[in-house]
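Colleague: Have a peek at my_file.txt (compact mmCIF, C-alpha atoms).
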# COMPACT_ATOMS: atom_id res chain seq x y z
CA MET S 1 -167.04 161.91 20.36
CA ARG S 2 -169.35 164.44 21.97
CA VAL S 3 -171.51 166.68 19.77
CA VAL S 4 -172.95 169.83 21.37
CA SER S 5 -175.40 172.33 19.90
CA GLN S 6 -175.76 175.93 21.05
CA SER S 7 -177.13 179.25 19.83
CA ASN S 8 -174.99 180.79 17.09
CA CYS S 9 -172.83 183.30 18.96
CA GLY S 10 -169.84 183.09 16.62
CA ALA S 11 -166.85 180.81 16.17
CA SER S 12 -164.97 182.10 19.20
CA ALA S 13 -167.89 181.36 21.51
CA ALA S 14 -168.17 177.84 20.10
CA ARG S 15 -164.46 177.25 20.64
CA ASN S 16 -164.60 178.56 24.20
CA HIS S 17 -167.53 176.27 24.95
CA ALA S 18 -165.64 173.32 23.47
CA LEU S 19 -162.60 174.16 25.61
CA GLN S 20 -164.77 174.16 28.73
CA LEU S 21 -166.00 170.67 27.85
CA ALA S 22 -162.70 169.21 26.63
CA ARG S 23 -160.87 166.79 28.92
CA GLY S 24 -157.77 166.03 26.86
CA GLU S 25 -154.26 167.18 27.70
CA TYR S 26 -153.76 168.39 24.09
CA ILE S 27 -156.19 170.41 22.00
CA GLN S 28 -156.77 170.30 18.25
CA PHE S 29 -159.00 172.98 16.70
CA LEU S 30 -160.69 171.98 13.44
CA ASP S 31 -163.23 174.08 11.56
CA ALA S 32 -165.94 172.19 9.72
CA ASP S 33 -164.55 172.86 6.24
CA ASP S 34 -160.87 172.00 6.92
CA LEU S 35 -159.12 168.63 7.01
CA LEU S 36 -156.29 166.85 8.83
CA ALA S 37 -154.00 164.11 7.57
CA PRO S 38 -154.68 160.89 9.52
CA ASP S 39 -151.32 161.02 11.31
CA LYS S 40 -151.18 164.79 11.87
CA ILE S 41 -151.82 164.74 15.62
CA LYS S 42 -149.52 161.75 16.14
CA ARG S 43 -146.63 163.50 14.38
CA GLN S 44 -146.99 166.62 16.49
CA LEU S 45 -147.37 164.71 19.74
CA GLN S 46 -144.06 162.98 19.03
CA ARG S 47 -142.40 166.41 19.10
CA LEU S 48 -144.41 167.89 21.95
CA LEU S 49 -144.40 165.13 24.58
CA PRO S 50 -140.70 165.47 25.53
CA LEU S 51 -140.90 169.28 25.70
CA GLY S 52 -143.31 169.89 28.57
CA PRO S 53 -146.70 171.57 28.93
CA ARG S 54 -145.84 174.96 27.40
CA ALA S 55 -144.44 173.91 23.99
CA LEU S 56 -146.58 174.60 20.90
CA ALA S 57 -146.58 172.65 17.62
CA SER S 58 -147.24 174.04 14.14
CA GLY S 59 -147.36 172.03 10.94
CA ALA S 60 -147.19 172.08 7.17
CA TRP S 61 -150.41 172.97 5.37
CA THR S 62 -151.89 173.88 2.03
CA ARG S 63 -155.00 175.50 0.61
CA PHE S 64 -157.61 173.69 -1.46
CA GLU S 65 -161.06 174.50 -2.84
CA SER S 66 -162.97 171.27 -3.47
CA THR S 67 -160.71 168.21 -3.53
CA PRO S 68 -157.71 168.17 -1.19
CA PRO S 69 -154.34 167.36 -2.77
CA PRO S 70 -152.42 164.21 -1.85
CA ALA S 71 -150.93 164.51 1.64
CA LEU S 72 -147.35 164.90 0.38
CA ALA S 73 -148.06 167.20 -2.55
CA ALA S 74 -148.47 170.97 -2.96
CA LEU S 75 -147.71 171.89 0.65
CA GLU S 76 -146.99 175.57 1.13
CA ASN S 77 -143.46 176.75 1.93
CA TYR S 78 -144.18 179.64 4.27
CA PRO S 79 -141.41 181.65 6.01
CA ASN S 80 -142.79 180.62 9.40
CA ALA S 81 -142.36 176.92 8.59
CA ARG S 82 -139.60 176.36 11.16
CA ASP S 83 -138.97 176.30 14.89
CA LEU S 84 -139.52 179.79 16.34
CA THR S 85 -140.05 181.73 19.52
CA GLY S 86 -143.43 183.36 19.94
CA VAL S 87 -141.92 186.80 19.26
CA GLU S 88 -140.18 185.57 16.10
CA PHE S 89 -143.43 184.01 14.88
CA LEU S 90 -145.29 187.32 15.20
CA GLN S 91 -142.46 189.31 13.65
CA ILE S 92 -142.51 187.04 10.59
CA ASN S 93 -146.31 187.08 10.56
CA PHE S 94 -146.30 190.83 9.93
CA GLU S 95 -143.04 191.18 7.99
CA GLU S 96 -144.03 188.56 5.42
CA LEU S 97 -147.82 188.59 5.84
CA ALA S 98 -147.46 184.90 6.67
CA MET S 99 -150.19 182.98 8.45
CA MET S 100 -150.79 179.63 10.14
CA HIS S 101 -154.39 178.47 9.92
CA PRO S 102 -156.03 177.22 13.15
CA ALA S 103 -156.00 173.51 12.32
CA ALA S 104 -152.22 173.53 11.75
CA TRP S 105 -151.60 173.96 15.49
CA LEU S 106 -151.56 171.42 18.32
CA ALA S 107 -151.34 172.82 21.83
CA PRO S 108 -151.18 171.49 25.39
CA ARG S 109 -154.26 172.36 27.39
CA ALA S 110 -152.05 173.95 30.06
CA LEU S 111 -150.67 176.39 27.49
CA LEU S 112 -154.13 177.38 26.27
CA ASP S 113 -155.27 177.95 29.84
CA ALA S 114 -152.28 180.25 30.38
CA ALA S 115 -153.05 182.22 27.19
CA GLY S 116 -156.69 182.82 28.09
CA PRO S 117 -159.93 182.29 26.13
CA TRP S 118 -160.85 183.28 22.60
CA ASP S 119 -162.01 186.90 22.32
CA GLU S 120 -165.72 186.60 21.57
CA THR S 121 -165.97 190.24 20.47
CA LEU S 122 -163.93 189.42 17.35
CA SER S 123 -165.11 187.75 14.16
CA LEU S 124 -162.66 188.26 11.29
CA ASN S 125 -159.10 187.26 12.29
CA ASP S 126 -160.11 186.09 15.76
CA ASP S 127 -157.65 183.21 15.33
CA GLY S 128 -154.79 185.59 14.57
CA GLU S 129 -155.26 187.39 17.90
CA TYR S 130 -155.83 184.18 19.84
CA PHE S 131 -152.78 182.30 18.58
CA ALA S 132 -150.64 185.41 19.08
CA ARG S 133 -151.34 185.07 22.79
CA VAL S 134 -150.78 181.32 22.68
CA ALA S 135 -147.46 181.70 20.84
CA LEU S 136 -146.21 184.36 23.26
CA ALA S 137 -147.23 182.25 26.27
CA SER S 138 -145.41 179.22 24.88
CA SER S 139 -141.89 178.05 25.64
CA GLY S 140 -141.36 177.87 21.88
CA ILE S 141 -142.95 176.69 18.63
CA VAL S 142 -141.80 173.44 17.05
CA PHE S 143 -142.57 173.08 13.35
CA CYS S 144 -143.56 169.57 12.21
CA ALA S 145 -143.03 169.29 8.47
CA ASP S 146 -144.70 165.87 8.34
CA ALA S 147 -147.87 166.96 10.21
CA HIS S 148 -150.21 167.99 7.39
CA SER S 149 -153.48 169.94 7.41
CA PHE S 150 -155.63 171.32 4.60
CA TYR S 151 -157.25 174.76 4.62
CA ARG S 152 -160.35 175.11 2.44
CA SER S 153 -160.33 178.51 0.71
CA ASN S 154 -162.49 180.63 -1.61
CA LEU S 155 -165.82 179.36 -0.32
CA SER S 156 -168.65 181.78 -1.00
CA GLY S 157 -169.98 183.15 2.27
CA SER S 158 -166.96 182.17 4.35
CA LEU S 159 -166.04 184.54 7.16
CA SER S 160 -162.46 185.00 5.93
CA ARG S 161 -163.78 186.49 2.65
CA ARG S 162 -166.05 189.07 4.27
CA LYS S 163 -165.15 192.69 3.55
CA ASP S 164 -168.14 194.48 5.07
CA PRO S 165 -167.61 197.27 7.64
CA ARG S 166 -168.33 195.03 10.63
CA ALA S 167 -165.84 192.38 9.55
CA LEU S 168 -163.18 194.97 8.76
CA ALA S 169 -163.71 196.62 12.15
CA SER S 170 -162.97 193.21 13.69
CA LEU S 171 -159.86 192.93 11.54
CA PHE S 172 -158.69 196.33 12.80
CA ARG S 173 -159.27 195.39 16.43
CA SER S 174 -157.62 191.98 16.11
CA VAL S 175 -154.50 193.48 14.51
CA GLU S 176 -154.44 196.23 17.14
CA LEU S 177 -154.58 193.67 19.95
CA THR S 178 -152.00 191.42 18.33
CA LEU S 179 -149.54 194.28 17.88
CA ASP S 180 -150.13 195.32 21.49
CA HIS S 181 -149.25 191.76 22.54
CA LEU S 182 -146.09 191.76 20.43
CA LEU S 183 -144.82 195.15 21.55
CA ALA S 184 -145.57 194.37 25.20
CA ALA S 185 -143.37 191.29 24.88
CA ASP S 186 -140.63 192.83 22.75
CA ARG S 187 -139.76 196.47 21.99
CA SER S 188 -136.86 195.73 19.66
CA PRO S 189 -136.39 197.73 16.44
CA ARG S 190 -137.41 194.64 14.47
CA SER S 191 -140.75 194.33 16.27
CA ALA S 192 -141.40 198.06 15.90
CA ALA S 193 -140.66 197.88 12.16
CA ALA S 194 -142.90 194.82 11.77
CA ALA S 195 -145.70 196.66 13.59
CA ALA S 196 -145.26 199.77 11.43
CA PHE S 197 -145.62 197.71 8.27
CA ALA S 198 -148.60 195.82 9.74
CA TRP S 199 -150.45 199.11 10.28
CA LYS S 200 -149.55 200.24 6.74
CA TRP S 201 -150.82 196.94 5.30
CA LEU S 202 -154.00 197.27 7.36
CA ALA S 203 -154.64 200.80 6.07
CA PHE S 204 -154.54 199.32 2.56
CA GLU S 205 -156.88 196.43 3.46
CA LEU S 206 -159.46 198.69 5.10
CA TYR S 207 -159.68 201.23 2.30
CA PRO S 208 -162.09 202.27 0.76
CA VAL S 209 -164.77 200.38 2.75
CA VAL S 210 -163.95 201.94 6.12
CA PRO S 211 -161.85 205.02 5.29
CA ASP S 212 -161.94 206.49 8.81
CA ILE S 213 -160.27 203.56 10.51
CA SER S 214 -157.97 203.14 7.52
CA ARG S 215 -156.60 206.60 8.33
CA VAL S 216 -156.20 205.59 11.99
CA ALA S 217 -154.15 202.58 10.88
CA GLU S 218 -151.95 204.80 8.70
CA LYS S 219 -151.39 207.24 11.59
CA ASN S 220 -150.45 204.33 13.87
CA SER S 221 -147.84 203.25 11.34
CA LEU S 222 -146.36 206.74 11.24
CA ARG S 223 -146.21 206.89 15.05
CA LEU S 224 -143.92 203.88 14.90
CA GLY S 225 -141.68 205.55 12.33
CA GLY S 226 -143.58 204.45 9.23
CA SER S 227 -142.50 201.78 6.79
CA ARG S 228 -140.62 202.10 3.51
CA ARG S 229 -141.98 198.79 2.32
CA PRO S 230 -144.50 199.19 -0.51
CA PHE S 231 -148.20 198.61 -0.09
CA PRO S 232 -149.16 195.01 -0.96
CA GLY S 233 -151.07 195.88 -4.16
CA SER S 234 -150.63 194.61 -7.70
CA GLY S 235 -148.07 195.95 -10.15
CA ARG S 236 -150.77 198.14 -11.71
CA PHE S 237 -151.61 199.54 -8.28
CA GLN S 238 -147.94 200.27 -7.58
CA LEU S 239 -147.59 202.15 -10.86
CA LEU S 240 -150.77 204.18 -10.42
CA SER S 241 -149.98 205.07 -6.81
CA ARG S 242 -146.83 206.91 -7.95
CA PHE S 243 -148.96 209.38 -9.88
CA VAL S 244 -152.32 209.59 -8.10
CA GLY S 245 -151.55 208.44 -4.54
CA TRP S 246 -152.26 205.09 -2.99
CA ARG S 247 -155.90 205.76 -2.03
CA LEU S 248 -157.09 206.67 -5.52
CA ALA S 249 -154.97 203.87 -6.98
CA ARG S 250 -156.67 201.49 -4.55
CA ARG S 251 -160.09 202.64 -5.72
CA LEU S 252 -159.14 202.28 -9.37
CA THR S 253 -157.71 198.76 -8.98
CA ALA S 254 -160.05 197.30 -6.34
Could you rewrite the structure in this file as structure tokens?

Modeller:
Amino acid sequence: MRVVSQSNCGASAARNHALQLARGEYIQFLDADDLLAPDKIKRQLQRLLPLGPRALASGAWTRFESTPPPALAALENYPNARDLTGVEFLQINFEELAMMHPAAWLAPRALLDAAGPWDETLSLNDDGEYFARVALASSGIVFCADAHSFYRSNLSGSLSRRKDPRALASLFRSVELTLDHLLAADRSPRSAAAAAFAWKWLAFELYPVVPDISRVAEKNSLRLGGSRRPFPGSGRFQLLSRFVGWRLARRLTA
């Protein structure tokens, strides 16, 4: 084990530095507050080794706050929990607002080199943009149901909970880049519809903290034909939005 200290330049910079130092043929990312099952890497390697240097492994995972659940209990059943192409993974990511947290992946070093480094200009959702490139550069994603990881959530002060203008600007940019990656790889009606809903969802997430870029997100959705899918708010929000519009409903239910 090699421990390296550096000036705090953000998570992406730390990961890039670690990648420069790493010498293994397979790379496991693990944030300080998350956990892996003892056999997680072994299970994924069993799937990856016969498939060559461009295959990518995902795995089953669950959220926890203080004490992780038993390894075989309470694992999430997400719609992306299956073998997928990179394009299919991103389509489902935006259609279902499904995610895969960073520690759930195991990737060959050759694949990560092909995808390029982490974008150090991003903070919030930097992993979403990064693994979009990795997934699209892969020969396919194999899902390992018995490779378990545990994602610690709801910590005060965690980056994923930040909703300040700077963090939300990063969210906007990361989604913009990810959708650019998807549509550059696939211009099918399904990808366009997924992108239209992603922009609509983002407009909701950004409002009312950064209303200007929320409007940009909404315009981007309309340029792609818009989306008939409802905004992802609560039932109370959905009811209010019918009478007062989604922006005022968002303010009243935030």

Colleague: Rank nothing, just name the residue among S:His181, S:Arg54, S:Arg2, S:Arg173 nearest to Arg109 of chain S, using only C-alpha atoms.

Modeller: S:Arg54

Colleague: Counting only C-alpha atoms, which residue out of S:Asn154, S:Asn93, S:Ser221, S:Ser7 sits closest to Phe131 of chain S?

Modeller: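 Of the candidates, the smallest distance to Phe131 of chain S is held by S:Asn93.
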
Colleague: Which one of S:Phe243, S:Trp105, S:Trp201, S:Tyr26 sits closest to Phe143 of chain S if you count only C-alpha atoms?

Modeller: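 Once distances to Phe143 of chain S are computed over only C-alpha atoms, the minimum belongs to S:Trp105.
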
Colleague: Between atom CA of Phe94 of chain S and atom CA of Glu205 of chain S, what is the distance in Å, rounded to a tenth?

Modeller: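 Atom-to-atom, atom CA of Phe94 of chain S and atom CA of Glu205 of chain S are spaced 13.6 Å apart.
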
Colleague: Using all atoms listed in the file, which of the listed residues (S:Val142, S:Ala110, S:Ser12, S:Ser123) sits closest to Pro50 of chain S?

Modeller: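 Distance minimum relative to Pro50 of chain S lands on S:Val142.
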
Colleague: Of the candidates S:Val244, S:Ser5, S:Gly140, S:Ala11, which shows the shortest atom-to-atom distance to Val87 of chain S, using all atoms listed in the file?

Modeller: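 Of S:Val244, S:Ser5, S:Gly140, S:Ala11, the one nearest Val87 of chain S is S:Gly140, counting all atoms listed in the file.
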
Colleague: What gap, in Å, lies between atom CA of Leu106 of chain S and atom CA of Ala57 of chain S?

Modeller: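 If I compute the distance from atom CA of Leu106 of chain S to atom CA of Ala57 of chain S, I get 5.2 Å.
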
Colleague: What lies within 7 Å of segment 217-220 of chain S using all atoms listed in the file, ignoring chain neighbours under 5 positions off, as a PyMOL selection string?

Modeller: chain S and resi 199-200+202-203

Colleague: Report, in Å with one decimal, the straight-line distance from atom CA of Ser234 of chain S to atom CA of Ala254 of chain S.

Modeller: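 According to the coordinates, atom CA of Ser234 of chain S and atom CA of Ala254 of chain S are separated by 9.9 Å.
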
Colleague: Since the input lacks atoms, please generate N, CA and C atoms for segment 81-106 of chain S and provide them as a short mmCIF file (atom, residue, chain, number, x, y, z; two decimals), in the frame of the given file.

Modeller:
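And here is the file that came out, result.cif:
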data_model
loop_
_atom_site.label_atom_id
_atom_site.label_comp_id
_atom_site.auth_asym_id
_atom_site.auth_seq_id
_atom_site.Cartn_x
_atom_site.Cartn_y
_atom_site.Cartn_z
N ALA S 81 -142.40 178.38 8.54
CA ALA S 81 -142.36 176.92 8.59
C ALA S 81 -141.02 176.44 9.18
N ARG S 82 -140.80 176.77 10.44
CA ARG S 82 -139.60 176.36 11.16
C ARG S 82 -139.80 176.61 12.64
N ASP S 83 -138.89 176.07 13.45
CA ASP S 83 -138.97 176.30 14.89
C ASP S 83 -138.74 177.78 15.18
N LEU S 84 -139.56 178.36 16.07
CA LEU S 84 -139.52 179.79 16.34
C LEU S 84 -139.89 180.06 17.79
N THR S 85 -139.46 181.21 18.30
CA THR S 85 -140.05 181.73 19.52
C THR S 85 -141.37 182.40 19.18
N GLY S 86 -142.17 182.67 20.19
CA GLY S 86 -143.43 183.36 19.94
C GLY S 86 -143.22 184.73 19.33
N VAL S 87 -142.21 185.47 19.81
CA VAL S 87 -141.92 186.80 19.26
C VAL S 87 -141.50 186.69 17.81
N GLU S 88 -140.62 185.74 17.50
CA GLU S 88 -140.18 185.57 16.10
C GLU S 88 -141.36 185.23 15.20
N PHE S 89 -142.27 184.38 15.68
CA PHE S 89 -143.43 184.01 14.88
C PHE S 89 -144.24 185.24 14.51
N LEU S 90 -144.49 186.13 15.47
CA LEU S 90 -145.29 187.32 15.20
C LEU S 90 -144.54 188.31 14.33
N GLN S 91 -143.24 188.44 14.52
CA GLN S 91 -142.46 189.31 13.65
C GLN S 91 -142.58 188.86 12.19
N ILE S 92 -142.40 187.57 11.95
CA ILE S 92 -142.51 187.04 10.59
C ILE S 92 -143.94 187.17 10.07
N ASN S 93 -144.91 186.97 10.94
CA ASN S 93 -146.31 187.08 10.56
C ASN S 93 -146.59 188.43 9.90
N PHE S 94 -146.03 189.50 10.46
CA PHE S 94 -146.30 190.83 9.93
C PHE S 94 -145.28 191.25 8.88
N GLU S 95 -144.04 190.83 9.00
CA GLU S 95 -143.04 191.18 7.99
C GLU S 95 -143.36 190.57 6.65
N GLU S 96 -143.81 189.32 6.66
CA GLU S 96 -144.03 188.56 5.42
C GLU S 96 -145.51 188.33 5.12
N LEU S 97 -146.39 188.85 5.96
CA LEU S 97 -147.82 188.59 5.84
C LEU S 97 -148.08 187.08 5.76
N ALA S 98 -147.35 186.36 6.62
CA ALA S 98 -147.46 184.90 6.67
C ALA S 98 -148.50 184.51 7.72
N MET S 99 -149.18 183.44 7.51
CA MET S 99 -150.19 182.98 8.45
C MET S 99 -150.00 181.50 8.77
N MET S 100 -150.70 181.05 9.79
CA MET S 100 -150.79 179.63 10.14
C MET S 100 -152.25 179.39 10.48
N HIS S 101 -152.94 178.60 9.69
CA HIS S 101 -154.39 178.47 9.92
C HIS S 101 -154.64 177.65 11.19
N PRO S 102 -155.81 177.80 11.82
CA PRO S 102 -156.03 177.22 13.15
C PRO S 102 -155.77 175.72 13.25
N ALA S 103 -156.14 174.97 12.22
CA ALA S 103 -156.00 173.51 12.32
C ALA S 103 -154.56 173.05 12.25
N ALA S 104 -153.63 173.92 11.85
CA ALA S 104 -152.22 173.53 11.75
C ALA S 104 -151.57 173.39 13.13
N TRP S 105 -152.19 173.96 14.16
CA TRP S 105 -151.60 173.96 15.49
C TRP S 105 -152.01 172.72 16.29
N LEU S 106 -151.18 172.34 17.24
CA LEU S 106 -151.56 171.42 18.32
C LEU S 106 -150.96 171.99 19.59
#
